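Notes follow the structure.
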Amino acid sequence: MLATVPAPAGFGIAELQLDIDDAEHERRRAVGLGVATGHGFGGLDVLMALPHGLPVPLPALTDHQRAYVRRAPAGICTVTGDQVVRHATHPCRVRLATVLATSASQLALDAAEKFTAFCARRVIITRAPSLHSSEKLLEFGYYGIGVCLQHPDGELETLVEPRPWRVKRHSPEAWWFAETAYGQFLTQRSSPASTPSPAL
């Protein structure tokens, strides 16, 4: 399932394209679990140390890890006897962050750069590049940020292709970002209407 949501607070003005993990979404819905960010990076760091769906002996965990899994909300993991099983996994994959801007400015580049560690990036501009901004497009390309010109009829013309994003390493920060984006998705689904992000 593909969804478009506003970027989480703290990441500026952008729209995120999400690939929702339907199985994980339905599992969470069934157990009443929304986002798994209640304990920030620390909780996700504990979960990343546990294999998904496989039992792990509690004595093999640190005191901190045992304390977390014992107080984790229902649906994240299950403690049975002296074993724990992690159920939670990434609820979505963030495919693309899109920044809306008037022109290919440094401000737009900086806004798109905030998503470098998480997904592919693109800027949609509404003003055709001048000679000066055409040179700026080279910088966007160098950083792998795509640029599209939106014509008055809404058609998008690709000026710079976004560099495909590949996972270099799994981290609690990336999982946290996916969870907060998923939270935006849940909020949007429960809201009757959503407001498009303004341009820079």
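Within each chain, counting starts at residue 1; across the structure tokens, chains are named A, B, ... in the order shown, with ligands numbered 1 upward in that order.
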Spatial neighbours of Ala178 in chain A, max dist 7 Å, only C-alpha atoms, sep filter under 4 positions, as JSON, numbers by chain: {"A": [90, 92, 93, 94, 174, 182]}
Please produce a file of those selected residues containing C-alpha atoms, as a short mmCIF file (atom, residue, chain, number, x, y, z; two decimals), in the first residue's frame.
```cif
data_model
loop_
_atom_site.label_atom_id
_atom_site.label_comp_id
_atom_site.auth_asym_id
_atom_site.auth_seq_id
_atom_site.Cartn_x
_atom_site.Cartn_y
_atom_site.Cartn_z
CA HIS A 90 9.24 -1.79 10.51
CA CYS A 92 6.64 0.94 6.44
CA ARG A 93 9.45 1.87 4.13
CA VAL A 94 9.91 5.53 3.29
CA ALA A 174 16.03 4.85 10.75
CA TYR A 182 3.80 5.63 10.04
#
```
DSSP-assigned alpha helix (DSSP H) among range 69-154 of chain A, expressed as a ChimeraX atom specification: /A:69-71,106-113,131-142
Go ahead and write the residues just picked, N, CA, C and O atoms, as a PDB file, in the first residue's frame.
```pdb
ATOM      1  N   VAL A  69      11.719  -5.172  27.691  1.00  0.00           N
ATOM      2  CA  VAL A  69      10.787  -6.145  27.113  1.00  0.00           C
ATOM      3  C   VAL A  69       9.667  -6.487  28.091  1.00  0.00           C
ATOM      4  O   VAL A  69       8.546  -6.823  27.680  1.00  0.00           O
ATOM      5  N   ARG A  70       9.935  -6.362  29.391  1.00  0.00           N
ATOM      6  CA  ARG A  70       8.893  -6.677  30.382  1.00  0.00           C
ATOM      7  C   ARG A  70       7.846  -5.572  30.478  1.00  0.00           C
ATOM      8  O   ARG A  70       6.709  -5.834  30.904  1.00  0.00           O
ATOM      9  N   ARG A  71       8.211  -4.343  30.113  1.00  0.00           N
ATOM     10  CA  ARG A  71       7.236  -3.251  30.202  1.00  0.00           C
ATOM     11  C   ARG A  71       6.746  -2.783  28.824  1.00  0.00           C
ATOM     12  O   ARG A  71       5.937  -1.859  28.746  1.00  0.00           O
ATOM     13  N   GLN A 106      19.199  27.143  -2.415  1.00  0.00           N
ATOM     14  CA  GLN A 106      19.955  26.491  -1.349  1.00  0.00           C
ATOM     15  C   GLN A 106      19.020  26.057  -0.224  1.00  0.00           C
ATOM     16  O   GLN A 106      19.211  25.010   0.394  1.00  0.00           O
ATOM     17  N   LEU A 107      17.986  26.855   0.020  1.00  0.00           N
ATOM     18  CA  LEU A 107      17.005  26.513   1.045  1.00  0.00           C
ATOM     19  C   LEU A 107      16.318  25.194   0.718  1.00  0.00           C
ATOM     20  O   LEU A 107      16.131  24.335   1.596  1.00  0.00           O
ATOM     21  N   ALA A 108      15.948  25.008  -0.542  1.00  0.00           N
ATOM     22  CA  ALA A 108      15.298  23.770  -0.962  1.00  0.00           C
ATOM     23  C   ALA A 108      16.255  22.591  -0.856  1.00  0.00           C
ATOM     24  O   ALA A 108      15.881  21.500  -0.429  1.00  0.00           O
ATOM     25  N   LEU A 109      17.507  22.811  -1.237  1.00  0.00           N
ATOM     26  CA  LEU A 109      18.510  21.748  -1.144  1.00  0.00           C
ATOM     27  C   LEU A 109      18.716  21.336   0.309  1.00  0.00           C
ATOM     28  O   LEU A 109      18.755  20.143   0.637  1.00  0.00           O
ATOM     29  N   ASP A 110      18.823  22.318   1.190  1.00  0.00           N
ATOM     30  CA  ASP A 110      19.022  22.028   2.611  1.00  0.00           C
ATOM     31  C   ASP A 110      17.837  21.257   3.189  1.00  0.00           C
ATOM     32  O   ASP A 110      18.007  20.347   4.011  1.00  0.00           O
ATOM     33  N   ALA A 111      16.628  21.628   2.754  1.00  0.00           N
ATOM     34  CA  ALA A 111      15.425  20.946   3.247  1.00  0.00           C
ATOM     35  C   ALA A 111      15.413  19.485   2.809  1.00  0.00           C
ATOM     36  O   ALA A 111      15.062  18.589   3.590  1.00  0.00           O
ATOM     37  N   ALA A 112      15.809  19.230   1.572  1.00  0.00           N
ATOM     38  CA  ALA A 112      15.838  17.852   1.070  1.00  0.00           C
ATOM     39  C   ALA A 112      16.954  17.047   1.713  1.00  0.00           C
ATOM     40  O   ALA A 112      16.818  15.832   1.931  1.00  0.00           O
ATOM     41  N   GLU A 113      18.059  17.700   2.036  1.00  0.00           N
ATOM     42  CA  GLU A 113      19.208  17.021   2.633  1.00  0.00           C
ATOM     43  C   GLU A 113      18.877  16.394   3.984  1.00  0.00           C
ATOM     44  O   GLU A 113      19.542  15.441   4.408  1.00  0.00           O
ATOM     45  N   LEU A 131      19.707  30.899 -15.634  1.00  0.00           N
ATOM     46  CA  LEU A 131      21.072  30.445 -15.868  1.00  0.00           C
ATOM     47  C   LEU A 131      21.758  30.137 -14.542  1.00  0.00           C
ATOM     48  O   LEU A 131      22.432  29.118 -14.396  1.00  0.00           O
ATOM     49  N   HIS A 132      21.560  31.017 -13.554  1.00  0.00           N
ATOM     50  CA  HIS A 132      22.187  30.815 -12.247  1.00  0.00           C
ATOM     51  C   HIS A 132      21.666  29.544 -11.584  1.00  0.00           C
ATOM     52  O   HIS A 132      22.439  28.724 -11.071  1.00  0.00           O
ATOM     53  N   SER A 133      20.332  29.365 -11.582  1.00  0.00           N
ATOM     54  CA  SER A 133      19.778  28.190 -10.928  1.00  0.00           C
ATOM     55  C   SER A 133      20.054  26.918 -11.720  1.00  0.00           C
ATOM     56  O   SER A 133      20.059  25.823 -11.157  1.00  0.00           O
ATOM     57  N   SER A 134      20.299  27.041 -13.030  1.00  0.00           N
ATOM     58  CA  SER A 134      20.689  25.868 -13.824  1.00  0.00           C
ATOM     59  C   SER A 134      22.011  25.322 -13.318  1.00  0.00           C
ATOM     60  O   SER A 134      22.226  24.104 -13.262  1.00  0.00           O
ATOM     61  N   GLU A 135      22.913  26.227 -12.920  1.00  0.00           N
ATOM     62  CA  GLU A 135      24.179  25.791 -12.334  1.00  0.00           C
ATOM     63  C   GLU A 135      23.926  25.121 -10.983  1.00  0.00           C
ATOM     64  O   GLU A 135      24.604  24.161 -10.617  1.00  0.00           O
ATOM     65  N   LYS A 136      22.932  25.613 -10.271  1.00  0.00           N
ATOM     66  CA  LYS A 136      22.589  25.030  -8.974  1.00  0.00           C
ATOM     67  C   LYS A 136      22.085  23.602  -9.136  1.00  0.00           C
ATOM     68  O   LYS A 136      22.277  22.761  -8.246  1.00  0.00           O
ATOM     69  N   LEU A 137      21.467  23.310 -10.282  1.00  0.00           N
ATOM     70  CA  LEU A 137      20.969  21.959 -10.523  1.00  0.00           C
ATOM     71  C   LEU A 137      22.102  20.935 -10.489  1.00  0.00           C
ATOM     72  O   LEU A 137      21.894  19.783 -10.103  1.00  0.00           O
ATOM     73  N   LEU A 138      23.288  21.357 -10.901  1.00  0.00           N
ATOM     74  CA  LEU A 138      24.444  20.452 -10.847  1.00  0.00           C
ATOM     75  C   LEU A 138      24.738  20.042  -9.414  1.00  0.00           C
ATOM     76  O   LEU A 138      25.121  18.897  -9.144  1.00  0.00           O
ATOM     77  N   GLU A 139      24.543  20.974  -8.487  1.00  0.00           N
ATOM     78  CA  GLU A 139      24.774  20.667  -7.077  1.00  0.00           C
ATOM     79  C   GLU A 139      23.717  19.690  -6.562  1.00  0.00           C
ATOM     80  O   GLU A 139      24.033  18.765  -5.811  1.00  0.00           O
ATOM     81  N   PHE A 140      22.468  19.882  -6.984  1.00  0.00           N
ATOM     82  CA  PHE A 140      21.420  18.937  -6.604  1.00  0.00           C
ATOM     83  C   PHE A 140      21.787  17.539  -7.107  1.00  0.00           C
ATOM     84  O   PHE A 140      21.656  16.555  -6.374  1.00  0.00           O
ATOM     85  N   GLY A 141      22.233  17.468  -8.341  1.00  0.00           N
ATOM     86  CA  GLY A 141      22.618  16.182  -8.897  1.00  0.00           C
ATOM     87  C   GLY A 141      23.785  15.556  -8.160  1.00  0.00           C
ATOM     88  O   GLY A 141      23.826  14.342  -7.943  1.00  0.00           O
ATOM     89  N   TYR A 142      24.737  16.370  -7.746  1.00  0.00           N
ATOM     90  CA  TYR A 142      25.909  15.877  -7.019  1.00  0.00           C
ATOM     91  C   TYR A 142      25.485  15.207  -5.717  1.00  0.00           C
ATOM     92  O   TYR A 142      26.032  14.171  -5.322  1.00  0.00           O
TER      93      TYR A 142
END
```
Residues within 10 Å of Ala128 in chain A, please, as a PDB file with all heavy atoms, in the first residue's frame. Count only C-alpha atoms; anything in the same chain fewer than 5 positions from it doesn't count.
```pdb
ATOM      1  N   THR A 102       9.687  27.091  -4.696  1.00  0.00           N
ATOM      2  CA  THR A 102       9.512  27.962  -5.856  1.00  0.00           C
ATOM      3  C   THR A 102      10.627  27.755  -6.854  1.00  0.00           C
ATOM      4  O   THR A 102      10.408  27.675  -8.069  1.00  0.00           O
ATOM      5  CB  THR A 102       9.475  29.441  -5.415  1.00  0.00           C
ATOM      6  OG1 THR A 102       8.434  29.610  -4.450  1.00  0.00           O
ATOM      7  CG2 THR A 102       9.210  30.358  -6.600  1.00  0.00           C
ATOM      8  N   SER A 103      11.860  27.638  -6.347  1.00  0.00           N
ATOM      9  CA  SER A 103      13.013  27.499  -7.234  1.00  0.00           C
ATOM     10  C   SER A 103      14.027  26.539  -6.628  1.00  0.00           C
ATOM     11  O   SER A 103      13.927  26.158  -5.454  1.00  0.00           O
ATOM     12  CB  SER A 103      13.671  28.867  -7.460  1.00  0.00           C
ATOM     13  OG  SER A 103      14.159  29.386  -6.235  1.00  0.00           O
ATOM     14  N   ALA A 104      15.002  26.165  -7.432  1.00  0.00           N
ATOM     15  CA  ALA A 104      16.065  25.252  -6.981  1.00  0.00           C
ATOM     16  C   ALA A 104      17.091  26.039  -6.166  1.00  0.00           C
ATOM     17  O   ALA A 104      18.211  26.291  -6.612  1.00  0.00           O
ATOM     18  CB  ALA A 104      16.714  24.578  -8.180  1.00  0.00           C
ATOM     19  N   SER A 133      20.332  29.365 -11.582  1.00  0.00           N
ATOM     20  CA  SER A 133      19.778  28.190 -10.928  1.00  0.00           C
ATOM     21  C   SER A 133      20.054  26.918 -11.720  1.00  0.00           C
ATOM     22  O   SER A 133      20.059  25.823 -11.157  1.00  0.00           O
ATOM     23  CB  SER A 133      18.270  28.359 -10.689  1.00  0.00           C
ATOM     24  OG  SER A 133      17.584  28.625 -11.889  1.00  0.00           O
ATOM     25  N   SER A 134      20.299  27.041 -13.030  1.00  0.00           N
ATOM     26  CA  SER A 134      20.689  25.868 -13.824  1.00  0.00           C
ATOM     27  C   SER A 134      22.011  25.322 -13.318  1.00  0.00           C
ATOM     28  O   SER A 134      22.226  24.104 -13.262  1.00  0.00           O
ATOM     29  CB  SER A 134      20.805  26.236 -15.300  1.00  0.00           C
ATOM     30  OG  SER A 134      19.535  26.539 -15.840  1.00  0.00           O
ATOM     31  N   CYS A 148      12.247  18.395 -10.148  1.00  0.00           N
ATOM     32  CA  CYS A 148      11.201  18.383 -11.165  1.00  0.00           C
ATOM     33  C   CYS A 148      10.598  19.782 -11.265  1.00  0.00           C
ATOM     34  O   CYS A 148      10.419  20.458 -10.249  1.00  0.00           O
ATOM     35  CB  CYS A 148      10.090  17.394 -10.812  1.00  0.00           C
ATOM     36  SG  CYS A 148      10.576  15.669 -10.941  1.00  0.00           S
ATOM     37  N   LEU A 149      10.302  20.183 -12.490  1.00  0.00           N
ATOM     38  CA  LEU A 149       9.606  21.448 -12.728  1.00  0.00           C
ATOM     39  C   LEU A 149       8.130  21.150 -12.919  1.00  0.00           C
ATOM     40  O   LEU A 149       7.752  20.357 -13.788  1.00  0.00           O
ATOM     41  CB  LEU A 149      10.172  22.141 -13.969  1.00  0.00           C
ATOM     42  CG  LEU A 149       9.426  23.394 -14.437  1.00  0.00           C
ATOM     43  CD1 LEU A 149       9.488  24.490 -13.368  1.00  0.00           C
ATOM     44  CD2 LEU A 149      10.006  23.895 -15.766  1.00  0.00           C
ATOM     45  N   GLN A 150       7.300  21.804 -12.100  1.00  0.00           N
ATOM     46  CA  GLN A 150       5.857  21.631 -12.231  1.00  0.00           C
ATOM     47  C   GLN A 150       5.305  22.737 -13.132  1.00  0.00           C
ATOM     48  O   GLN A 150       5.396  23.921 -12.805  1.00  0.00           O
ATOM     49  CB  GLN A 150       5.167  21.677 -10.867  1.00  0.00           C
ATOM     50  CG  GLN A 150       3.675  21.395 -10.946  1.00  0.00           C
ATOM     51  CD  GLN A 150       3.050  21.286  -9.564  1.00  0.00           C
ATOM     52  OE1 GLN A 150       3.380  22.051  -8.669  1.00  0.00           O
ATOM     53  NE2 GLN A 150       2.156  20.334  -9.398  1.00  0.00           N
ATOM     54  N   HIS A 151       4.745  22.335 -14.277  1.00  0.00           N
ATOM     55  CA  HIS A 151       4.167  23.294 -15.214  1.00  0.00           C
ATOM     56  C   HIS A 151       2.786  23.739 -14.733  1.00  0.00           C
ATOM     57  O   HIS A 151       2.181  23.087 -13.859  1.00  0.00           O
ATOM     58  CB  HIS A 151       4.090  22.662 -16.604  1.00  0.00           C
ATOM     59  CG  HIS A 151       5.444  22.394 -17.207  1.00  0.00           C
ATOM     60  ND1 HIS A 151       6.205  23.377 -17.803  1.00  0.00           N
ATOM     61  CD2 HIS A 151       6.188  21.253 -17.270  1.00  0.00           C
ATOM     62  CE1 HIS A 151       7.346  22.854 -18.224  1.00  0.00           C
ATOM     63  NE2 HIS A 151       7.368  21.575 -17.914  1.00  0.00           N
TER      64      HIS A 151
END
```
Spatial neighbours of Trp176 in chain A, 10 Å, only C-alpha atoms, chain gap at least 6 places, as an NGL selection string: :A and (35-37 or 40-41 or 43-45 or 90 or 182)
Residue nearest Phe177 in chain A - candidates A:Val147, A:Ala117, A:Ala23, A:Val31, atoms counted: only C-alpha atoms: A:Ala117
Strand (DSSP E or B) call set, DSSP backbone run, chain A, as a PyMOL selection string: chain A and resi 2-6+15-20+52+55-57+77-80+83-86+92-101+120-125+145-150+156-160
Contacts of Met48 in chain A within 10 Å, only C-alpha atoms, excl. fewer than 4 positions in-chain, as a ChimeraX atom specification: /A:42-44,52,86,88-89,170-172,175
With N, CA and C atoms retained, write the just-selected residues as an mmCIF file, in the first residue's frame.
```cif
data_model
loop_
_atom_site.group_PDB
_atom_site.id
_atom_site.type_symbol
_atom_site.label_atom_id
_atom_site.label_comp_id
_atom_site.auth_asym_id
_atom_site.auth_seq_id
_atom_site.Cartn_x
_atom_site.Cartn_y
_atom_site.Cartn_z
ATOM 1 N N GLY A 42 16.189 4.255 22.442
ATOM 2 C CA GLY A 42 16.623 3.198 23.347
ATOM 3 C C GLY A 42 15.786 1.947 23.222
ATOM 4 N N GLY A 43 14.447 2.108 23.151
ATOM 5 C CA GLY A 43 13.584 0.950 23.000
ATOM 6 C C GLY A 43 13.791 0.249 21.673
ATOM 7 N N LEU A 44 13.924 1.013 20.608
ATOM 8 C CA LEU A 44 14.138 0.416 19.293
ATOM 9 C C LEU A 44 15.503 -0.254 19.212
ATOM 10 N N HIS A 52 13.609 -11.183 14.819
ATOM 11 C CA HIS A 52 12.157 -11.096 14.658
ATOM 12 C C HIS A 52 11.536 -12.483 14.640
ATOM 13 N N ARG A 86 10.208 -11.147 19.817
ATOM 14 C CA ARG A 86 9.864 -9.834 19.240
ATOM 15 C C ARG A 86 8.899 -10.029 18.079
ATOM 16 N N ALA A 88 7.220 -6.935 16.716
ATOM 17 C CA ALA A 88 7.220 -5.678 15.957
ATOM 18 C C ALA A 88 8.349 -5.649 14.939
ATOM 19 N N THR A 89 8.026 -5.106 13.790
ATOM 20 C CA THR A 89 9.019 -4.860 12.752
ATOM 21 C C THR A 89 8.684 -3.522 12.115
ATOM 22 N N HIS A 170 21.228 -0.753 9.092
ATOM 23 C CA HIS A 170 20.007 -0.611 9.868
ATOM 24 C C HIS A 170 20.363 0.071 11.185
ATOM 25 N N SER A 171 19.540 1.021 11.594
ATOM 26 C CA SER A 171 19.829 1.772 12.806
ATOM 27 C C SER A 171 18.534 2.084 13.539
ATOM 28 N N PRO A 172 18.624 2.301 14.857
ATOM 29 C CA PRO A 172 17.432 2.710 15.603
ATOM 30 C C PRO A 172 16.854 4.023 15.077
ATOM 31 N N TRP A 175 14.710 3.294 12.051
ATOM 32 C CA TRP A 175 13.462 2.654 12.470
ATOM 33 C C TRP A 175 12.547 3.698 13.099
#
```
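In this structure, CA of Leu47 in chain A sits 13.9 Å away from CA of Ala60 in chain A.
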Using only C-alpha atoms: which of A:Ala181, A:Ala101, A:Leu18, A:Val160 has the shortest distance to Thr4 in chain A: A:Leu18
Distance criterion (only C-alpha atoms): nearest to Arg28 in chain A out of A:Ala9, A:Ala3, A:Ala49, A:Cys77: A:Cys77
Atom-to-atom span, CA of Leu50 in chain A and CA of Ala72 in chain A, Å: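 Separation between CA of Leu50 in chain A and CA of Ala72 in chain A: 13.5 Å.
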12 Å contact set for Val79 in chain A, only C-alpha atoms, chain neighbours under 2 positions out, as number ranges by chain: A: 54-58, 66-77, 81-87
Residue selection dump (N, CA and C atoms) as a PDB file, in the first residue's frame:
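This is the output file result.pdb:
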```pdb
ATOM      1  N   LEU A  54      11.663 -14.999  16.725  1.00  0.00           N
ATOM      2  CA  LEU A  54      12.388 -16.133  17.295  1.00  0.00           C
ATOM      3  C   LEU A  54      12.562 -15.934  18.800  1.00  0.00           C
ATOM      4  N   PRO A  55      12.401 -17.012  19.586  1.00  0.00           N
ATOM      5  CA  PRO A  55      12.544 -16.876  21.042  1.00  0.00           C
ATOM      6  C   PRO A  55      13.997 -16.645  21.448  1.00  0.00           C
ATOM      7  N   VAL A  56      14.183 -15.781  22.432  1.00  0.00           N
ATOM      8  CA  VAL A  56      15.511 -15.480  22.968  1.00  0.00           C
ATOM      9  C   VAL A  56      15.445 -15.662  24.482  1.00  0.00           C
ATOM     10  N   PRO A  57      16.393 -16.385  25.087  1.00  0.00           N
ATOM     11  CA  PRO A  57      16.377 -16.555  26.542  1.00  0.00           C
ATOM     12  C   PRO A  57      16.570 -15.213  27.253  1.00  0.00           C
ATOM     13  N   LEU A  58      15.731 -14.929  28.232  1.00  0.00           N
ATOM     14  CA  LEU A  58      15.859 -13.682  28.984  1.00  0.00           C
ATOM     15  C   LEU A  58      17.220 -13.543  29.674  1.00  0.00           C
ATOM     16  N   ARG A  66      16.103  -6.560  29.515  1.00  0.00           N
ATOM     17  CA  ARG A  66      15.037  -7.298  30.213  1.00  0.00           C
ATOM     18  C   ARG A  66      13.975  -6.349  30.759  1.00  0.00           C
ATOM     19  N   ALA A  67      14.417  -5.214  31.294  1.00  0.00           N
ATOM     20  CA  ALA A  67      13.458  -4.238  31.830  1.00  0.00           C
ATOM     21  C   ALA A  67      12.564  -3.707  30.721  1.00  0.00           C
ATOM     22  N   TYR A  68      13.131  -3.464  29.550  1.00  0.00           N
ATOM     23  CA  TYR A  68      12.319  -2.919  28.454  1.00  0.00           C
ATOM     24  C   TYR A  68      11.287  -3.938  27.970  1.00  0.00           C
ATOM     25  N   VAL A  69      11.719  -5.172  27.691  1.00  0.00           N
ATOM     26  CA  VAL A  69      10.787  -6.145  27.113  1.00  0.00           C
ATOM     27  C   VAL A  69       9.667  -6.487  28.091  1.00  0.00           C
ATOM     28  N   ARG A  70       9.935  -6.362  29.391  1.00  0.00           N
ATOM     29  CA  ARG A  70       8.893  -6.677  30.382  1.00  0.00           C
ATOM     30  C   ARG A  70       7.846  -5.572  30.478  1.00  0.00           C
ATOM     31  N   ARG A  71       8.211  -4.343  30.113  1.00  0.00           N
ATOM     32  CA  ARG A  71       7.236  -3.251  30.202  1.00  0.00           C
ATOM     33  C   ARG A  71       6.746  -2.783  28.824  1.00  0.00           C
ATOM     34  N   ALA A  72       7.232  -3.411  27.748  1.00  0.00           N
ATOM     35  CA  ALA A  72       6.841  -3.000  26.395  1.00  0.00           C
ATOM     36  C   ALA A  72       5.341  -3.207  26.190  1.00  0.00           C
ATOM     37  N   PRO A  73       4.686  -2.294  25.464  1.00  0.00           N
ATOM     38  CA  PRO A  73       3.246  -2.440  25.195  1.00  0.00           C
ATOM     39  C   PRO A  73       2.929  -3.736  24.461  1.00  0.00           C
ATOM     40  N   ALA A  74       1.703  -4.211  24.620  1.00  0.00           N
ATOM     41  CA  ALA A  74       1.254  -5.429  23.942  1.00  0.00           C
ATOM     42  C   ALA A  74       1.428  -5.285  22.436  1.00  0.00           C
ATOM     43  N   GLY A  75       1.881  -6.343  21.809  1.00  0.00           N
ATOM     44  CA  GLY A  75       2.065  -6.326  20.362  1.00  0.00           C
ATOM     45  C   GLY A  75       3.495  -6.083  19.931  1.00  0.00           C
ATOM     46  N   ILE A  76       4.327  -5.566  20.847  1.00  0.00           N
ATOM     47  CA  ILE A  76       5.729  -5.334  20.495  1.00  0.00           C
ATOM     48  C   ILE A  76       6.529  -6.612  20.687  1.00  0.00           C
ATOM     49  N   CYS A  77       6.364  -7.237  21.845  1.00  0.00           N
ATOM     50  CA  CYS A  77       7.029  -8.508  22.098  1.00  0.00           C
ATOM     51  C   CYS A  77       6.232  -9.266  23.148  1.00  0.00           C
ATOM     52  N   GLY A  81       7.577 -17.180  30.316  1.00  0.00           N
ATOM     53  CA  GLY A  81       8.568 -17.897  31.112  1.00  0.00           C
ATOM     54  C   GLY A  81       9.894 -17.160  31.088  1.00  0.00           C
ATOM     55  N   ASP A  82      10.924 -17.840  30.624  1.00  0.00           N
ATOM     56  CA  ASP A  82      12.251 -17.210  30.573  1.00  0.00           C
ATOM     57  C   ASP A  82      12.670 -16.892  29.141  1.00  0.00           C
ATOM     58  N   GLN A  83      11.669 -16.656  28.257  1.00  0.00           N
ATOM     59  CA  GLN A  83      11.964 -16.334  26.861  1.00  0.00           C
ATOM     60  C   GLN A  83      11.164 -15.110  26.412  1.00  0.00           C
ATOM     61  N   VAL A  84      11.705 -14.415  25.420  1.00  0.00           N
ATOM     62  CA  VAL A  84      11.016 -13.278  24.822  1.00  0.00           C
ATOM     63  C   VAL A  84      11.031 -13.432  23.307  1.00  0.00           C
ATOM     64  N   VAL A  85       9.938 -13.064  22.670  1.00  0.00           N
ATOM     65  CA  VAL A  85       9.829 -13.089  21.203  1.00  0.00           C
ATOM     66  C   VAL A  85       9.435 -11.692  20.740  1.00  0.00           C
ATOM     67  N   ARG A  86      10.208 -11.147  19.817  1.00  0.00           N
ATOM     68  CA  ARG A  86       9.864  -9.834  19.240  1.00  0.00           C
ATOM     69  C   ARG A  86       8.899 -10.029  18.079  1.00  0.00           C
ATOM     70  N   HIS A  87       7.803  -9.271  18.119  1.00  0.00           N
ATOM     71  CA  HIS A  87       6.805  -9.320  17.044  1.00  0.00           C
ATOM     72  C   HIS A  87       6.910  -8.084  16.142  1.00  0.00           C
TER      73      HIS A  87
END
```
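Relative to CA of Thr98 in chain A, CA of Arg122 in chain A is found at 4.8 Å.
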With the cut-off set at 6 Å and counting only C-alpha atoms, tabulate each residue of range 56-121 of chain A with an atom at most that distance from an atom of range 12-16 of chain A, showing the nearest atom pair and its distance in Å to one decimal, ordered by chain and increasing number, as a Markdown table.
```
| residue | atom | partner | partner_atom | distance |
| --- | --- | --- | --- | --- |
| A:Leu96 | CA | A:Leu16 | CA | 5.7 |
| A:Ala97 | CA | A:Leu16 | CA | 4.5 |
| A:Thr98 | CA | A:Glu15 | CA | 5.1 |
| A:Val99 | CA | A:Ala14 | CA | 4.5 |
```
